[in-house]
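Below is one structure, written out as structure tokens; the observations come after it.
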Amino acid sequence: MRAGSSLTIAILTLSKRRIHMNHQKNTTEADFLKNYQVEKYEKPSVTVDVVAFTITEESEKNYRKNTDKKLKVLLMKRNDFPFHGRWALPGGFVGLREDLQAAVQRVLKNKTDLSKAYLEQLYTWGEPDRDPRHRIFSISYLTLIQSANLKVKDSSKHYEWFDLSMNKIHTRTEKLPDGERVITAHVLTFHGEKESFDITIEFIQTVKEHLISQSYHIAENDFIAFDHAKIIAYALKRLREKIEYTPIAFSLLPELFTLTQLQQVYETILNKELLKANFRRKIADMVTETNEYKKDAGHRPSKLYRFNSKL
């Protein structure tokens with residue numbers, strides 16, 4: 001018998017003995033947990049990153065016109081490497097003993113004072129090279145804040161609300177040996193008080209033998225850190241889809257609102273005009289009429305409504 005074969009047999013025998021000994025030690029779950037070797041596996045880090053959206057009103061010079069509404073996203077300018085000087089989403093690392101929801105609430109409370117806002121977990125981002133520091137997973141969240149509740153803390157001078165829009169540029173199709181890939185390019189436009197920029201994102205849908213997969217690719221980006229441009233695009237796409245079949249839009253409105261205000265929220269998110277009659281038929285069961293009115297200069301008093309919580 002060769003020396004190499006003898007060594008292999010010896011190693012296998014030793015391994016079997018260790019496994020047998022471990023089974024003997026771990027007669028209960030408590031024993032197993034006590035003897036568990038956590039150092040056997042590499043430990044990636046986990047962050048929570050929050051896409052915070054709001055809709056604000058921009059004053060019109062003509063008081064007879066309705067106020068113009070803008071969709072805004074909250075960004076912070078990084079003071080540290082990597083990506084020093086670039087914009088990023090509010091976020092932070094999750095503690096070893098910290099619940100995910102608690103981590104998000106901490107991030108919102110410490111950095112934006114928005115802990116009571118609507119909150120929804122979106123997606124987990126885990127590409128191996130998404131962060132140059134280490135293997136870091138990001139669990140992204142969507143939060144919607146009423147404009148009346150905006151209050152970024154005074155110490156958050158590196159935070160800014162950017163006007164945000166996302167528009168389709170073009171679509172192309174690539175043939176694959178066993179299917180096809182449809183690539184739709186969108187431009188994300190950010191407009192801040194002192195800085196404005198565009199980022200190109202590609203939505204990629206691959207179809208192979210009736211199986212569909214989706215992914216995102218940042219085509220052009222010199223302004224947003226990490227893969228946060230993907231996360232923002234995903235969040236806005238998700239919001240546009242969800243507004244069509246859920247009452248999520250009401251999270252951006254005060255308790256009492258006009259039907260015009262509600263329609264403007266839909267139009268701002270969807271980035272398109274809606275027919276008044278069709279829209280009102282669609283949301284008829286979602287609202288409850290009140291006896292109160294909103295009075296604006298240049299306009300007739302408008303009846304106020306509230307969300308129908310019995311849906």
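In the structure tokens, chains take the letters A, B, ... in the order shown, each chain's residues start at 1, and ligands count up from 1 in the order shown.
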
When you look at A:Asp198 with a cut-off of 7 Å (counting only C-alpha atoms), what residues show up, excluding the ones that are within fewer than 6 positions of it in the same chain? I need them as number ranges by chain. A: 187-190

Write the residues of the preceding selection, restricted to N, CA and C atoms, as a compact mmCIF listing (two decimals), in the first residue's frame.
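Saved as out_12.txt:
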```txt
# COMPACT_ATOMS: atom_id res chain seq x y z
N VAL A 187 -33.16 56.18 -16.23
CA VAL A 187 -32.30 57.20 -15.66
C VAL A 187 -32.93 57.69 -14.36
N LEU A 188 -32.15 57.63 -13.29
CA LEU A 188 -32.54 58.19 -12.00
C LEU A 188 -31.99 59.61 -11.95
N THR A 189 -32.85 60.58 -11.73
CA THR A 189 -32.43 61.98 -11.66
C THR A 189 -32.61 62.49 -10.24
N PHE A 190 -31.51 62.99 -9.67
CA PHE A 190 -31.51 63.54 -8.32
C PHE A 190 -31.27 65.05 -8.42
```

At a cut-off of 9 Å, using only C-alpha atoms, what residues contact A:Thr184? Leave out same-chain residues fewer than 2 positions from it and give the result as a PyMOL selection string. chain A and resi 168-173+182+186+201-205

For A:Leu75, please output as a ChimeraX atom specification all residues within 9 Å (counting only C-alpha atoms; exclusion window: fewer than 2 positions along the same chain). /A:51-52,73,77,87-90,158-162

So that I can see what lies close to A:Phe137, please list as a VMD selection string the residues with an atom at most 10 Å from it, counting only C-alpha atoms and leaving out residues fewer than 2 positions away in the same chain. chain A and resid 44 to 48 93 124 to 128 130 to 131 134 to 135 139 to 140

Report as an NGL selection string: the residues of stretch 62-251 of chain A with a DSSP assignment of strand (DSSP E), based on the backbone of this structure. :A and (68-77 or 87-88 or 91-93 or 118-125 or 136-145 or 159-176 or 179-191 or 196-208 or 211-220)

Ranking A:Leu150, A:Val104, A:Leu262, A:Ala225 by minimum distance to A:Gly85 and counting only C-alpha atoms, which one comes first?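 Closest to A:Gly85 of all the choices is A:Ala225.
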
For A:Thr143, work out the shell of residues within 8 Å, counting only C-alpha atoms and skipping chain neighbours fewer than 2 positions away, then give it as a PyMOL selection string. chain A and resi 50-53+117-120+141+145

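If only C-alpha atoms are the atoms counted, then among A:Ile232, A:Asp68, A:Leu239, A:Ala103 the closest residue to A:Ser251 is A:Leu239.
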
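The shortest atom-to-atom distance to A:Lys70, with only C-alpha atoms taken into account, belongs to A:His191 out of A:His191, A:Arg300, A:Arg133, A:Lys230.
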
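Distance check against A:Ala249 using only C-alpha atoms: of A:Thr268, A:Gln214, A:Asn79, A:Thr28, the minimum falls on A:Thr268.
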
Got a sec to tell me which of stretch 149-260 of chain A DSSP assigns to helix (DSSP H, G or I), as a ChimeraX atom specification? /A:149,228-242,248-252,259-260

Could you check the closest approach to A:Phe307 for each of A:Lys295, A:Asn278, A:Pro254, A:His217 and tell me which residue wins, using only C-alpha atoms? A:Pro254

What's the separation between atom CA of A:Asp222 and atom CA of A:Leu164, in Å to one decimal place?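 Distance reported for this atom pair: 16.6 Å.
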
Calculated over only C-alpha atoms, which of the candidates A:Ser165, A:Asn271, A:Ser138, A:Ser213 has the smallest distance to A:Ser196? A:Ser165

Could you give me, as a list in words, the residues within 12 Å of A:Thr246, counting only C-alpha atoms and dropping anything in the same chain fewer than 6 positions from it? Arg238, Leu239, Arg240, Tyr266, Lys282, Ile283, Met286 and Leu311 of chain A

Only N, CA and C atoms, please: the residues just picked out, written as a PDB file, in the first residue's frame.
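Once everything was written out, this is part_21.pdb:
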```pdb
ATOM      1  N   ARG A 238     -40.793  49.197  -6.712  1.00  0.00           N
ATOM      2  CA  ARG A 238     -41.685  48.474  -5.808  1.00  0.00           C
ATOM      3  C   ARG A 238     -42.852  49.359  -5.370  1.00  0.00           C
ATOM      4  N   LEU A 239     -42.573  50.616  -5.053  1.00  0.00           N
ATOM      5  CA  LEU A 239     -43.626  51.540  -4.639  1.00  0.00           C
ATOM      6  C   LEU A 239     -44.628  51.756  -5.773  1.00  0.00           C
ATOM      7  N   ARG A 240     -44.119  51.910  -6.997  1.00  0.00           N
ATOM      8  CA  ARG A 240     -45.007  52.111  -8.150  1.00  0.00           C
ATOM      9  C   ARG A 240     -45.901  50.893  -8.384  1.00  0.00           C
ATOM     10  N   TYR A 266     -50.596  59.960  -6.224  1.00  0.00           N
ATOM     11  CA  TYR A 266     -50.512  58.862  -7.195  1.00  0.00           C
ATOM     12  C   TYR A 266     -49.735  59.299  -8.436  1.00  0.00           C
ATOM     13  N   LYS A 282     -61.684  54.405  -9.053  1.00  0.00           N
ATOM     14  CA  LYS A 282     -60.751  53.412  -8.530  1.00  0.00           C
ATOM     15  C   LYS A 282     -60.614  53.491  -7.015  1.00  0.00           C
ATOM     16  N   ILE A 283     -60.583  54.710  -6.465  1.00  0.00           N
ATOM     17  CA  ILE A 283     -60.320  54.869  -5.031  1.00  0.00           C
ATOM     18  C   ILE A 283     -61.590  55.111  -4.215  1.00  0.00           C
ATOM     19  N   MET A 286     -61.883  53.368  -0.997  1.00  0.00           N
ATOM     20  CA  MET A 286     -60.728  53.526  -0.116  1.00  0.00           C
ATOM     21  C   MET A 286     -60.822  54.765   0.764  1.00  0.00           C
ATOM     22  N   LEU A 311     -61.330  48.828   5.191  1.00  0.00           N
ATOM     23  CA  LEU A 311     -61.020  48.027   4.000  1.00  0.00           C
ATOM     24  C   LEU A 311     -60.483  46.651   4.384  1.00  0.00           C
TER      25      LEU A 311
END
```
